[in-house]
file query07.txt (compact mmCIF, C-alpha atoms)
# COMPACT_ATOMS: atom_id res chain seq x y z
CA MET A 158 0.00 0.00 0.00
CA GLY A 159 1.37 3.46 -0.91
CA SER A 160 2.10 6.08 1.66
CA ALA A 161 -0.88 8.16 0.51
CA ALA A 162 -3.20 5.56 2.00
CA ALA A 163 -1.29 5.16 5.26
CA PRO A 164 -3.62 5.96 8.16
CA LEU A 165 -2.79 7.87 11.29
CA PHE A 166 -2.88 5.56 14.31
CA VAL A 167 -4.17 7.08 17.56
CA VAL A 168 -3.34 4.79 20.46
CA ASP A 169 -2.90 4.63 24.19
CA ALA A 170 0.06 2.79 25.76
CA ALA A 171 -1.63 -0.62 25.51
CA GLY A 172 -2.75 0.10 21.94
CA LEU A 173 0.80 0.99 20.96
CA ASP A 174 2.05 -2.33 22.30
CA ARG A 175 -0.68 -4.23 20.44
CA ASN A 176 -0.13 -2.47 17.12
CA GLU A 177 3.61 -1.86 16.96
CA ALA A 178 4.15 -4.32 14.10
CA LEU A 179 0.99 -3.18 12.28
CA ILE A 180 2.03 0.48 12.43
CA ALA A 181 5.46 -0.42 11.09
CA SER A 182 3.91 -2.46 8.27
CA PHE A 183 1.78 0.49 7.15
CA ARG A 184 4.68 2.91 7.65
CA SER A 185 2.16 5.07 9.41
CA PRO A 186 2.52 7.85 11.95
CA ALA A 187 1.25 7.06 15.44
CA VAL A 188 0.25 9.49 18.17
CA LEU A 189 -0.43 8.71 21.80
CA LEU A 190 -3.85 9.89 22.93
CA ASP A 191 -2.34 11.97 25.75
CA ALA A 192 -0.34 13.99 23.20
CA LEU A 193 -3.01 14.22 20.47
CA ARG A 194 -3.80 17.72 19.15
CA VAL A 195 -6.56 19.10 16.90
CA GLU A 196 -4.04 19.80 14.13
CA ASP A 197 -2.90 16.15 14.19
CA VAL A 198 -6.30 14.95 12.98
CA ALA A 199 -7.68 17.97 11.09
CA ALA A 200 -6.21 17.10 7.68
CA GLN A 201 -6.05 13.29 7.94
CA GLN A 202 -7.84 11.14 5.39
CA VAL A 203 -8.00 8.01 7.55
CA ILE A 204 -7.52 7.56 11.30
CA VAL A 205 -7.34 4.25 13.15
CA PHE A 206 -8.12 4.46 16.86
CA ASP A 207 -7.07 1.78 19.34
CA VAL A 208 -7.65 3.36 22.73
CA ASP A 209 -9.62 2.13 25.72
CA LEU A 210 -12.95 3.94 25.47
CA GLY A 211 -14.36 2.02 28.41
CA THR A 212 -13.57 4.92 30.72
CA ALA A 213 -15.07 8.40 30.60
CA GLU A 214 -11.63 9.94 31.09
CA GLN A 215 -10.27 8.52 27.82
CA ALA A 216 -13.40 9.60 25.96
CA ARG A 217 -13.11 13.14 27.34
CA ARG A 218 -9.54 13.34 26.08
CA LEU A 219 -10.56 12.28 22.59
CA ARG A 220 -13.72 14.34 22.10
CA PRO A 221 -12.19 17.88 21.80
CA VAL A 222 -9.66 16.95 19.12
CA LEU A 223 -12.22 15.44 16.74
CA THR A 224 -13.74 18.81 15.86
CA GLY A 225 -13.16 20.55 12.55
CA ALA A 226 -12.25 17.36 10.68
CA PRO A 227 -12.66 17.36 6.87
CA ALA A 228 -15.81 16.02 5.26
CA GLY A 229 -15.78 12.26 4.75
CA GLN A 230 -12.87 11.52 7.10
CA VAL A 231 -12.70 7.75 7.64
CA ARG A 232 -12.48 6.80 11.32
CA ILE A 233 -11.85 3.17 12.24
CA PHE A 234 -12.14 2.08 15.87
CA ALA A 235 -10.76 -1.07 17.45
CA VAL A 236 -12.93 -2.13 20.39
CA ASN A 237 -13.75 -4.97 22.70
CA TYR A 238 -17.01 -6.26 21.22
CA MET A 239 -18.18 -7.29 24.71
CA ASN A 240 -17.88 -3.73 26.02
CA ARG A 241 -21.01 -1.75 25.17
CA ILE A 242 -19.50 1.51 26.40
CA GLU A 243 -16.66 1.25 23.91
CA MET A 244 -19.07 0.41 21.11
CA THR A 245 -21.25 3.41 22.02
CA TYR A 246 -18.35 5.88 22.14
CA ALA A 247 -17.00 4.61 18.82
CA ASN A 248 -20.34 5.41 17.19
CA VAL A 249 -20.59 8.79 18.95
CA PHE A 250 -17.14 9.70 17.62
CA GLY A 251 -18.16 9.01 14.02
CA ALA A 252 -16.82 5.51 13.40
CA LYS A 253 -17.03 4.45 9.76
CA HIS A 254 -15.92 0.96 10.77
CA ILE A 255 -15.73 -0.77 14.15
CA LEU A 256 -13.32 -3.71 14.29
CA ARG A 257 -12.68 -6.32 16.92
CA ARG A 258 -9.50 -5.87 18.94
CA PRO A 259 -6.73 -6.87 18.18
CA LEU A 260 -6.65 -5.40 14.69
CA GLN A 261 -5.86 -7.78 11.83
CA GLU A 262 -3.76 -6.37 8.99
CA PRO A 263 -5.57 -8.07 6.03
CA ARG A 264 -8.98 -6.82 7.18
CA LEU A 265 -7.68 -3.30 7.79
CA ARG A 266 -5.96 -3.12 4.40
CA HIS A 267 -9.11 -4.31 2.63
CA LEU A 268 -11.19 -1.56 4.27
CA LEU A 269 -8.67 1.16 3.56
CA GLU A 270 -8.27 0.33 -0.12
CA GLY A 271 -12.00 0.74 -0.67
CA ASP A 272 -12.59 3.72 1.59
CA LEU A 273 -9.66 5.84 0.45
CA ALA A 274 -10.87 6.11 -3.13
CA MET A 275 -14.40 7.06 -2.01
CA TRP A 276 -13.02 9.57 0.50
CA GLN A 277 -10.85 11.33 -2.07
CA GLU A 278 -13.71 11.58 -4.56
CA ALA A 279 -16.14 12.92 -1.95
CA LEU A 280 -13.60 15.37 -0.56
CA ALA A 281 -12.73 16.75 -3.99
CA GLU A 282 -16.41 17.31 -4.76
CA ALA A 283 -17.11 18.89 -1.37
CA ARG A 284 -14.08 21.17 -1.51
CA GLY A 285 -14.97 22.28 -5.03
CA GLY A 286 -18.40 23.49 -3.93
CA VAL A 287 -17.05 25.06 -0.76
CA GLN A 288 -14.22 26.85 -2.54
CA ASN A 289 -16.60 28.28 -5.15
CA SER A 290 -18.96 29.60 -2.49
CA ILE A 291 -16.08 31.03 -0.45
CA ALA A 292 -14.73 32.80 -3.53
CA SER A 293 -18.16 34.37 -4.14
CA ALA A 294 -18.45 35.37 -0.48
CA ALA A 295 -14.97 36.92 -0.48
CA THR A 296 -15.80 38.87 -3.63
CA ALA A 297 -19.04 40.16 -2.06
CA LEU A 298 -17.25 41.13 1.15
CA HIS A 299 -14.48 42.94 -0.73
CA GLY A 300 -17.14 44.78 -2.70
CA MET A 301 -19.00 45.69 0.48
CA PHE A 302 -15.90 46.98 2.23
CA GLY A 303 -14.92 48.95 -0.86
CA ALA A 304 -18.38 50.50 -1.18
CA ILE A 305 -18.43 51.54 2.47
CA SER A 306 -14.90 52.95 2.30
CA THR A 307 -15.80 55.08 -0.73
CA GLY A 308 -19.37 55.91 0.31
CA THR A 309 -20.87 54.30 -2.79
CA THR A 310 -23.94 52.07 -3.14
CA LEU A 311 -23.71 48.49 -1.86
CA ASP A 312 -24.32 45.69 -4.39
CA LEU A 313 -26.91 43.75 -2.39
CA GLU A 314 -27.50 41.37 -5.30
CA ALA A 315 -23.88 40.20 -5.01
CA VAL A 316 -24.34 39.70 -1.27
CA ASP A 317 -27.51 37.69 -1.83
CA GLY A 318 -25.91 35.63 -4.60
CA ALA A 319 -22.97 34.78 -2.35
CA GLY A 320 -25.39 33.93 0.45
CA GLU A 321 -27.29 31.50 -1.78
CA GLU A 322 -24.05 29.72 -2.72
CA MET A 323 -22.98 29.55 0.91
CA VAL A 324 -26.27 28.03 2.03
CA GLU A 325 -26.07 25.38 -0.69
CA ALA A 326 -22.43 24.53 0.08
CA ILE A 327 -22.87 24.31 3.85
CA VAL A 328 -26.11 22.33 3.66
CA ASP A 329 -24.51 19.89 1.19
CA THR A 330 -21.12 19.41 2.86
CA GLY A 331 -21.44 20.57 6.47
CA PHE A 332 -19.66 23.24 8.50
CA ALA A 333 -16.32 21.45 8.98
CA PRO A 334 -15.04 21.71 5.37
CA TRP A 335 -16.25 25.31 5.24
CA LEU A 336 -14.29 26.15 8.41
CA GLU A 337 -11.19 24.27 7.20
CA THR A 338 -11.13 26.07 3.86
CA VAL A 339 -11.83 29.53 5.29
CA ARG A 340 -9.03 29.14 7.84
CA ALA A 341 -6.62 28.03 5.12
CA HIS A 342 -7.27 30.86 2.66
CA HIS A 343 -8.46 33.93 4.54
CA GLU A 344 -7.25 36.12 7.38
CA SER A 345 -8.49 38.76 9.79
CA THR A 346 -11.91 40.38 9.25
CA PHE A 347 -12.75 38.39 6.10
CA GLN A 348 -12.03 35.11 7.88
CA HIS A 349 -14.15 36.18 10.83
CA CYS A 350 -17.10 37.29 8.69
CA MET A 351 -17.15 34.03 6.73
CA ILE A 352 -16.86 31.85 9.83
CA VAL A 353 -19.67 33.76 11.53
CA THR A 354 -21.79 33.45 8.38
CA GLY A 355 -21.08 29.73 8.20
CA LEU A 356 -22.15 29.34 11.82
CA ALA A 357 -25.35 31.32 11.21
CA THR A 358 -26.22 29.20 8.17
CA THR A 359 -25.45 25.98 10.03
CA PHE A 360 -27.61 27.09 12.96
CA ALA A 361 -30.55 27.96 10.70
CA HIS A 362 -30.38 24.69 8.77
CA ALA A 363 -30.05 22.54 11.90
CA CYS A 364 -33.00 24.29 13.53
CA GLY A 365 -35.18 23.48 10.52
CA MET A 366 -35.67 27.07 9.38
CA GLY A 367 -37.14 27.62 5.95
CA HIS A 368 -35.08 28.99 3.08
CA SER A 369 -36.11 32.61 3.57
CA ASP A 370 -35.16 32.60 7.26
CA THR A 371 -31.92 30.75 6.53
CA MET A 372 -31.06 33.39 3.94
CA LEU A 373 -31.93 36.13 6.43
CA LEU A 374 -29.42 34.77 8.94
CA THR A 375 -26.85 34.23 6.21
CA ARG A 376 -27.17 37.85 5.03
CA ALA A 377 -26.93 39.03 8.62
CA GLY A 378 -23.71 37.06 9.01
CA LEU A 379 -22.20 38.51 5.85
CA LEU A 380 -23.13 42.09 6.77
CA HIS A 381 -22.78 42.06 10.56
CA ASP A 382 -19.27 43.59 10.61
CA ALA A 383 -19.82 46.03 7.73
CA GLY A 384 -18.76 48.92 9.95
CA LYS A 385 -15.24 47.53 10.27
CA ALA A 386 -14.61 48.89 6.78
CA SER A 387 -14.28 52.27 8.49
CA ILE A 388 -11.87 51.06 11.20
CA PRO A 389 -8.12 51.50 10.51
CA VAL A 390 -6.51 48.24 9.41
CA GLU A 391 -3.64 48.68 11.87
CA ILE A 392 -6.18 48.45 14.69
CA LEU A 393 -8.19 45.57 13.22
CA ASP A 394 -5.08 43.49 12.53
CA LYS A 395 -3.07 44.43 15.60
CA PRO A 396 -1.33 41.24 16.85
CA GLY A 397 -2.25 41.53 20.50
CA ALA A 398 -4.42 43.35 23.02
CA LEU A 399 -5.87 46.72 22.03
CA SER A 400 -5.37 49.83 24.12
CA ALA A 401 -8.40 51.51 25.69
CA THR A 402 -8.35 54.16 22.96
CA GLU A 403 -8.13 51.55 20.20
CA MET A 404 -10.97 49.59 21.77
CA ASP A 405 -13.13 52.72 21.78
CA VAL A 406 -12.49 53.02 18.03
CA VAL A 407 -13.45 49.38 17.43
CA ARG A 408 -16.65 49.83 19.44
CA THR A 409 -17.88 52.32 16.86
CA HIS A 410 -18.16 49.69 14.11
CA PRO A 411 -21.73 48.47 14.85
CA GLY A 412 -23.09 52.00 14.61
CA LEU A 413 -21.05 52.81 11.51
CA GLY A 414 -22.27 49.69 9.73
CA TYR A 415 -25.86 50.34 10.77
CA ASP A 416 -25.77 53.95 9.54
CA TYR A 417 -24.30 52.98 6.16
CA LEU A 418 -26.73 50.11 5.52
CA ARG A 419 -29.75 52.10 6.69
CA GLN A 420 -28.89 54.80 4.17
CA GLN A 421 -29.07 52.21 1.39
CA GLY A 422 -32.83 52.05 1.95
CA THR A 423 -33.14 48.40 0.89
CA VAL A 424 -31.77 46.45 3.86
CA ASP A 425 -34.25 44.54 6.05
CA TYR A 426 -34.90 45.81 9.57
CA ASP A 427 -33.85 42.44 11.06
CA ILE A 428 -30.44 42.71 9.38
CA LEU A 429 -30.01 46.33 10.44
CA SER A 430 -30.82 45.25 13.99
CA ALA A 431 -28.22 42.45 13.84
CA VAL A 432 -25.56 44.81 12.48
CA ARG A 433 -26.13 47.37 15.23
CA SER A 434 -26.74 44.99 18.14
CA HIS A 435 -24.48 41.94 17.63
CA HIS A 436 -22.27 43.09 20.52
CA GLU A 437 -25.16 43.67 22.92
CA TYR A 438 -25.48 41.30 25.90
CA LEU A 439 -28.64 40.37 27.76
CA ASP A 440 -27.33 41.85 31.02
CA GLY A 441 -26.81 45.31 29.50
CA SER A 442 -22.99 45.10 29.45
CA GLY A 443 -22.63 45.17 25.66
CA TYR A 444 -22.32 48.02 23.16
CA PRO A 445 -23.10 50.39 21.47
CA ASP A 446 -26.42 50.98 23.22
CA GLY A 447 -26.18 48.95 26.43
CA LEU A 448 -29.44 47.14 25.66
CA ILE A 449 -30.96 44.60 28.05
CA SER A 450 -32.67 41.34 27.17
CA SER A 451 -36.16 42.73 26.56
CA GLN A 452 -34.71 45.23 24.06
CA ILE A 453 -32.72 42.74 21.95
CA ALA A 454 -34.52 41.02 19.08
CA ASP A 455 -34.15 37.35 18.12
CA ILE A 456 -31.86 37.76 15.08
CA PRO A 457 -29.26 39.87 16.94
CA ARG A 458 -29.26 37.31 19.78
CA ILE A 459 -28.43 34.52 17.34
CA VAL A 460 -25.80 36.55 15.49
CA THR A 461 -24.18 37.48 18.83
CA VAL A 462 -23.73 33.79 19.67
CA CYS A 463 -22.27 33.19 16.19
CA ASP A 464 -19.99 36.23 16.51
CA VAL A 465 -18.53 35.19 19.87
CA LEU A 466 -18.10 31.58 18.75
CA GLY A 467 -16.56 32.65 15.45
CA ALA A 468 -13.99 34.83 17.21
CA LEU A 469 -12.96 31.89 19.38
CA MET A 470 -12.72 29.43 16.48
CA GLU A 471 -10.87 31.62 13.98
CA ARG A 472 -7.12 31.37 13.45
CA ARG A 473 -5.02 34.50 13.87
CA SER A 474 -1.28 35.10 13.65
CA TYR A 475 -1.14 35.56 17.41
CA LYS A 476 -3.48 32.74 18.46
CA PRO A 477 -4.42 29.23 17.34
CA PRO A 478 -8.09 28.36 16.74
CA MET A 479 -9.95 27.09 19.77
CA ALA A 480 -11.49 23.62 19.62
CA ARG A 481 -15.25 23.57 19.26
CA GLU A 482 -15.95 21.94 22.62
CA ALA A 483 -13.80 24.46 24.51
CA ALA A 484 -15.39 27.37 22.67
CA ILE A 485 -18.90 26.11 23.45
CA GLU A 486 -17.97 25.85 27.14
CA ILE A 487 -17.00 29.53 27.11
CA LEU A 488 -20.39 30.36 25.60
CA TYR A 489 -22.12 28.38 28.34
CA GLY A 490 -20.08 30.35 30.87
CA MET A 491 -21.30 33.59 29.32
CA ALA A 492 -24.85 32.28 29.49
CA GLU A 493 -24.39 31.57 33.21
CA GLN A 494 -23.24 35.19 33.61
CA GLY A 495 -26.47 36.34 31.98
CA LYS A 496 -24.85 37.61 28.78
CA LEU A 497 -26.08 35.04 26.24
CA GLU A 498 -29.29 33.07 25.95
CA ARG A 499 -28.56 29.54 27.16
CA PRO A 500 -31.10 27.79 24.88
CA LEU A 501 -29.44 29.44 21.86
CA VAL A 502 -26.03 28.21 23.00
CA GLY A 503 -27.45 24.70 23.37
CA ALA A 504 -29.04 24.90 19.92
CA MET A 505 -25.73 26.02 18.44
CA GLN A 506 -23.92 23.13 20.12
CA ARG A 507 -26.43 20.65 18.68
CA ALA A 508 -26.21 22.28 15.25
CA LEU A 509 -22.42 21.85 15.13
CA GLU A 510 -22.61 18.28 16.41
CA ALA A 511 -25.18 17.47 13.71
CA ALA A 512 -23.06 19.17 11.04
call {"tool": "encode", "arguments": {"input": "query07.txt", "output": "structure tokens"}}
result
Amino acid sequence: MGSAAAPLFVVDAAGLDRNEALIASFRSPAVLLDALRVEDVAAQQVIVFDVDLGTAEQARRLRPVLTGAPAGQVRIFAVNYMNRIEMTYANVFGAKHILRRPLQEPRLRHLLEGDLAMWQEALAEARGGVQNSIASAATALHGMFGAISTGTTLDLEAVDGAGEEMVEAIVDTGFAPWLETVRAHHESTFQHCMIVTGLATTFAHACGMGHSDTMLLTRAGLLHDAGKASIPVEILDKPGALSATEMDVVRTHPGLGYDYLRQQGTVDYDILSAVRSHHEYLDGSGYPDGLISSQIADIPRIVTVCDVLGALMERRSYKPPMAREAAIEILYGMAEQGKLERPLVGAMQRALEAA
């Protein structure tokens, strides 16, 4: 078997002992579960797991690193067939195949030879659709930022066209390939806007919203940071903490975006509300208006959850992306503080798990 088909082996100490010869035969990399990182699994085609999932501790170690994997990733789990807990966790973690421990090389090779070809074909198709939609979204965002910077009319048809492509791509392939591609090809504000939009679209689809409502949330995601076109780039892209003065400048972007879009005369009220209020918190501690829960509409509440989560999950030069599970825990913490709506955080968590 060629090196292109060599799987990554994820093992614990006992699994390494069991599979030492098998790993050598495949000429595969192997990573101990205790040392496993998100980036180790994010770009892998095939992963073989031989870890004891009979304990909650082992499962907790594995769960956070399995976020953001590419569409169609093949996961093969070796388990004790008599242990129902291991069987359950293998299914929860997206097992394509569950094999009896100890792993047998002929059986594993047979599975990999068939799955690899299907995986590559599916991934190429998924990435093609995602890349096309991301290119359209980037073009629309560049056009929007240029229009705001020059005070000219926004091309809302381009925004809507990009939104339609995004909805189709994310519904067809899921959020993970969208996130992977955006992180790889875009930086700073554009990366953030597209991740937030992807989260909004994923949320709408998972919640069973109709096409018009899904498009409303997608447009809101694309336009929510429109005001940042008026913020100096050296502040937006500063690699580190902002000063109090710089933060005051950044806090003007919701109002600037709202004022520009309102002047267009063709932007829905719900979107205008999301643009102005996506940094408002239910306890009144947000900006620019210090609104409290009864004053914040539904769409801004959803976009706020997407905005916070997107900021945590994006990759910047000065910080790595946060794993989905850790980011969701921060959102739950903000809900406990009274800043975010807990049911919306739960719905977002379920939407990402489903995607």
call {"tool": "closest_residue", "arguments": {"input": "query07.txt", "among": "A:Ile327, A:Met479, A:Val249, A:Leu379", "to": "A:Ala294", "atoms": "all atoms listed in the file"}}
result
A:Leu379
call {"tool": "residues_around", "arguments": {"input": "query07.txt", "residues": "stretch 406-409 of chain A", "least_positions_apart": "5", "cutoff": "10 Å", "atoms": "all atoms listed in the file", "output": "count of residues only"}}
result
16
call {"tool": "residues_around", "arguments": {"input": "query07.txt", "residues": "stretch 177-180 of chain A", "least_positions_apart": "2", "cutoff": "9 Å", "atoms": "all atoms listed in the file", "output": "JSON, numbers by chain"}}
result
{"A": [164, 165, 166, 172, 173, 174, 175, 182, 183, 184, 185, 186, 187, 260, 261, 262]}
call {"tool": "closest_residue", "arguments": {"input": "query07.txt", "among": "A:Ala326, A:Val205, A:Val188, A:Glu471", "to": "A:Val353", "atoms": "all atoms listed in the file"}}
result
A:Glu471
call {"tool": "residues_around", "arguments": {"input": "query07.txt", "residues": "stretch 453-464 of chain A", "least_positions_apart": "4", "cutoff": "6 Å", "atoms": "all atoms listed in the file", "output": "list in words"}}
result
Val353, Leu356, Ala431, Ser434 and His435 of chain A
call {"tool": "write_last_selection", "arguments": {"input": "query07.txt", "atoms": "C-alpha atoms", "output": "JSON list (two decimals), keeping the file's coordinate frame"}}
result
[["chain", "number", "residue", "atom", "x", "y", "z"],
["A", 353, "VAL", "CA", -19.67, 33.76, 11.53],
["A", 356, "LEU", "CA", -22.15, 29.34, 11.82],
["A", 431, "ALA", "CA", -28.22, 42.45, 13.84],
["A", 434, "SER", "CA", -26.74, 44.99, 18.14],
["A", 435, "HIS", "CA", -24.48, 41.94, 17.63]]
call {"tool": "atom_distance", "arguments": {"input": "query07.txt", "atom1": "atom CA of A:Ala508", "atom2": "atom CA of A:Phe360"}}
result
5.5 Å
call {"tool": "axis_aligned_box", "arguments": {"input": "query07.txt", "around": "stretch 428-432 of chain A", "padding_each_side": "4 Å", "output": "lines of an AutoDock Vina configuration file"}}
result
center_x = -28.2
center_y = 44.4
center_z = 11.7
size_x = 13.3
size_y = 11.9
size_z = 12.6
call {"tool": "closest_residue", "arguments": {"input": "query07.txt", "among": "A:Gln506, A:Thr358, A:Asn248, A:Thr307", "to": "A:Ala235", "atoms": "all atoms listed in the file"}}
result
A:Asn248
call {"tool": "atom_distance", "arguments": {"input": "query07.txt", "atom1": "atom CA of A:Glu510", "atom2": "atom CA of A:Leu210"}}
result
19.5 Å
call {"tool": "residues_near_point", "arguments": {"input": "query07.txt", "point": "(-32.7, 26.0, 11.8)", "cutoff": "12 Å", "atoms": "all atoms listed in the file", "output": "ChimeraX atom specification"}}
result
/A:324,328,356-375,459,501,504-505,507-509,511-512
